[in-house]
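Novice: Following this message is one structure expressed as structure tokens.
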Amino acid sequence: MLNQRFWNKVDIRGLNDCWEWQGAKQGSGYGYYFLERTMPGVKEKPHLAHRYLMDQIHGGIAGWLVLHKCGNKLCVNPLHLRLGTHQDNMDDAKRMSEMALGEKNARSKLNAQDIIDIRASQLDNKLLAKKYNISYQHLMGIKRRKFWKHIS
């Protein structure tokens, strides 16, 4: 079960507040926890703090994602965590606006007007993809409204 060493790395606030991980953090923003070494000289694999906590509470969470209801990657409050699927995670991210749509996404090469122009264009699709410096597959996804669904 969870030990005092784990909880010493958690800033526990009120029952309904985020309990932020104060230990080591990944570049992705998630906290991670090293178990105590059981064998000298053997490097222990880090565990994501929120996953480790849920595994200790529920046991056997393999195949499940641990989702943050609060959207705070450092939160380990069990009341803010739930087990879910990849689709649940994507739905949560969209709902919490963690995923920037369209031109709000910093990696986007296109803007809303480009999408309107692409969908209206009579130009050959391969030439159109080249014109906008995107792949043919991406262009077809735009035309079929698989991508940029929020643009009419």
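Going by the structure tokens order, chains are called A, B, ..., each with residues numbered from 1, while ligands are numbered from 1 in the order shown.
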Using DSSP secondary structure from the backbone, list all helix (DSSP H, G or I) positions within chain A, as number ranges by chain.
Specialist: A: 4-7, 49-58, 78-80, 86-95, 102-104, 112-120, 125-131, 136-143
Novice: May I have all residues of range 2-69 of chain A that DSSP, computed from the backbone, assigns to strand (DSSP E), given as a list in words?
Specialist: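 Across range 2-69 of chain A, those assigned strand (DSSP E) are Val10, Asp11, Glu20, Trp21, Tyr32, Tyr33, His47, Leu48, Leu65, Val66, Leu67 and His68 of chain A.
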Novice: Calculate how many Å separate CA of Leu139 in chain A from CA of Gln122 in chain A, rounding to one decimal.
Specialist: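 Atom-to-atom, CA of Leu139 in chain A to CA of Gln122 in chain A, that is 13.1 Å.
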Novice: If we count only C-alpha atoms, what is near His47 in chain A at a cut-off of 7 Å, once residues fewer than 4 positions away on the same chain are taken out, given as a PyMOL selection string?
Specialist: chain A and resi 32-34+52
Novice: For the residues in the current selection, export all heavy atoms as a compact mmCIF listing (two decimals), in the first residue's frame.
Specialist:
```
# COMPACT_ATOMS: atom_id res chain seq x y z
N TYR A 32 6.33 11.82 -11.29
CA TYR A 32 6.66 10.39 -11.23
C TYR A 32 7.33 10.05 -9.92
O TYR A 32 7.88 10.90 -9.22
CB TYR A 32 7.47 9.92 -12.44
CG TYR A 32 8.84 10.54 -12.63
CD1 TYR A 32 9.96 9.96 -12.05
CD2 TYR A 32 9.01 11.66 -13.43
CE1 TYR A 32 11.22 10.50 -12.26
CE2 TYR A 32 10.26 12.21 -13.63
CZ TYR A 32 11.36 11.63 -13.04
OH TYR A 32 12.60 12.17 -13.23
N TYR A 33 7.24 8.77 -9.59
CA TYR A 33 7.64 8.27 -8.29
C TYR A 33 8.50 7.04 -8.47
O TYR A 33 8.18 6.15 -9.24
CB TYR A 33 6.37 7.93 -7.50
CG TYR A 33 6.58 7.32 -6.14
CD1 TYR A 33 7.15 8.07 -5.12
CD2 TYR A 33 6.18 6.03 -5.87
CE1 TYR A 33 7.33 7.53 -3.86
CE2 TYR A 33 6.34 5.49 -4.61
CZ TYR A 33 6.91 6.24 -3.61
OH TYR A 33 7.09 5.70 -2.36
N PHE A 34 9.63 7.01 -7.76
CA PHE A 34 10.49 5.83 -7.73
C PHE A 34 10.18 5.05 -6.45
O PHE A 34 10.18 5.62 -5.36
CB PHE A 34 11.98 6.22 -7.72
CG PHE A 34 12.49 6.67 -9.04
CD1 PHE A 34 12.58 8.02 -9.35
CD2 PHE A 34 12.90 5.75 -10.00
CE1 PHE A 34 13.06 8.44 -10.57
CE2 PHE A 34 13.39 6.16 -11.22
CZ PHE A 34 13.47 7.51 -11.51
N TYR A 52 0.42 5.22 -10.20
CA TYR A 52 0.85 4.43 -9.06
C TYR A 52 -0.21 4.47 -7.96
O TYR A 52 -0.59 3.44 -7.39
CB TYR A 52 2.20 4.94 -8.53
CG TYR A 52 2.68 4.22 -7.31
CD1 TYR A 52 3.16 2.91 -7.39
CD2 TYR A 52 2.62 4.83 -6.06
CE1 TYR A 52 3.59 2.24 -6.25
CE2 TYR A 52 3.05 4.16 -4.93
CZ TYR A 52 3.53 2.88 -5.02
OH TYR A 52 3.94 2.20 -3.90
```
Novice: Do you know which residues are at most 10 Å from Trp64 in chain A counting only C-alpha atoms, after dropping those on the same chain fewer than 5 positions away, and could you put them as a VMD selection string?
Specialist: chain A and resid 51 82 to 86
Novice: Using only C-alpha atoms, determine which residues lie at most 9 Å from range 14-18 of chain A, disregarding the query and same-chain residues fewer than 6 positions distant; provide the list as a VMD selection string.
Specialist: chain A and resid 70 72 74 to 77 79 to 80
Novice: Give me a file of those residues, with C-alpha atoms, as an mmCIF file, in the first residue's frame.
Specialist:
```cif
data_model
loop_
_atom_site.group_PDB
_atom_site.id
_atom_site.type_symbol
_atom_site.label_atom_id
_atom_site.label_comp_id
_atom_site.auth_asym_id
_atom_site.auth_seq_id
_atom_site.Cartn_x
_atom_site.Cartn_y
_atom_site.Cartn_z
ATOM 1 C CA CYS A 70 -9.602 18.410 -12.853
ATOM 2 C CA ASN A 72 -4.236 19.133 -13.509
ATOM 3 C CA LEU A 74 0.194 16.971 -11.111
ATOM 4 C CA CYS A 75 -2.952 16.201 -9.132
ATOM 5 C CA VAL A 76 -3.018 12.928 -7.177
ATOM 6 C CA ASN A 77 -6.239 13.510 -5.241
ATOM 7 C CA LEU A 79 -11.374 12.127 -5.921
ATOM 8 C CA HIS A 80 -10.015 13.855 -9.034
#
```
Novice: Please indicate the distance in Å from CA of Leu48 in chain A to CA of Gly31 in chain A, rounded to one decimal place.
Specialist: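 That distance, rounded to one decimal, is 5.9 Å.
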Novice: So, with only C-alpha atoms as the atoms that count, which of A:Glu44, A:Glu36, A:Glu20, A:Asp117 lies closest to Asn3 in chain A?
Specialist: A:Glu36
Novice: Would you mind listing what lies within 12 Å of Asp124 in chain A as a list in words, with only C-alpha atoms counted and same-chain residues fewer than 5 positions away left out?
Specialist: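 Here the qualifying residues turn out to be Ile118, Arg119, Ala129, Lys130, Lys131, Tyr136, Leu139 and Met140 of chain A.
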Novice: So that I have them on file, write out the residues from the current selection with N, CA and C atoms, as a PDB file, in the first residue's frame.
Specialist:
```
ATOM      1  N   ILE A 118      -9.838  25.488 -49.581  1.00  0.00           N
ATOM      2  CA  ILE A 118      -9.539  24.107 -49.973  1.00  0.00           C
ATOM      3  C   ILE A 118     -10.826  23.370 -50.321  1.00  0.00           C
ATOM      4  N   ARG A 119     -11.822  23.510 -49.492  1.00  0.00           N
ATOM      5  CA  ARG A 119     -13.084  22.789 -49.730  1.00  0.00           C
ATOM      6  C   ARG A 119     -13.805  23.292 -50.968  1.00  0.00           C
ATOM      7  N   ALA A 129      -2.732  19.962 -52.346  1.00  0.00           N
ATOM      8  CA  ALA A 129      -1.942  19.582 -51.172  1.00  0.00           C
ATOM      9  C   ALA A 129      -0.560  20.220 -51.237  1.00  0.00           C
ATOM     10  N   LYS A 130       0.032  20.196 -52.426  1.00  0.00           N
ATOM     11  CA  LYS A 130       1.364  20.788 -52.607  1.00  0.00           C
ATOM     12  C   LYS A 130       1.311  22.298 -52.383  1.00  0.00           C
ATOM     13  N   LYS A 131       0.268  22.935 -52.902  1.00  0.00           N
ATOM     14  CA  LYS A 131       0.104  24.386 -52.745  1.00  0.00           C
ATOM     15  C   LYS A 131       0.076  24.792 -51.270  1.00  0.00           C
ATOM     16  N   TYR A 136      -1.309  14.714 -48.968  1.00  0.00           N
ATOM     17  CA  TYR A 136      -2.528  14.389 -49.715  1.00  0.00           C
ATOM     18  C   TYR A 136      -3.582  13.813 -48.755  1.00  0.00           C
ATOM     19  N   LEU A 139      -5.135  16.549 -46.745  1.00  0.00           N
ATOM     20  CA  LEU A 139      -6.043  17.312 -47.598  1.00  0.00           C
ATOM     21  C   LEU A 139      -7.380  16.586 -47.746  1.00  0.00           C
ATOM     22  N   MET A 140      -7.325  15.284 -47.984  1.00  0.00           N
ATOM     23  CA  MET A 140      -8.558  14.517 -48.158  1.00  0.00           C
ATOM     24  C   MET A 140      -9.361  14.473 -46.856  1.00  0.00           C
TER      25      MET A 140
END
```
Novice: Do you have the CA of Met96 in chain A-CA of Gly71 in chain A distance handy?
Specialist: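 According to the coordinates, CA of Met96 in chain A and CA of Gly71 in chain A are separated by 7.2 Å.
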Novice: Can you pull out every residue within 9 Å of Pro78 in chain A, counting only C-alpha atoms, but drop anything in the same chain fewer than 5 positions away, and send it as a ChimeraX atom specification?
Specialist: /A:19,50,53-54,57
Novice: Would you please work out which residue, of A:Lys25, A:Arg5, A:Lys126, A:His150, is nearest to Glu103 in chain A when using only C-alpha atoms?
Specialist: A:His150
Novice: Point out the residue among A:Gln137, A:Leu35, A:Ala112, A:Gln87 with the least atom-to-atom distance to Ser152 in chain A, counting only C-alpha atoms.
Specialist: A:Ala112
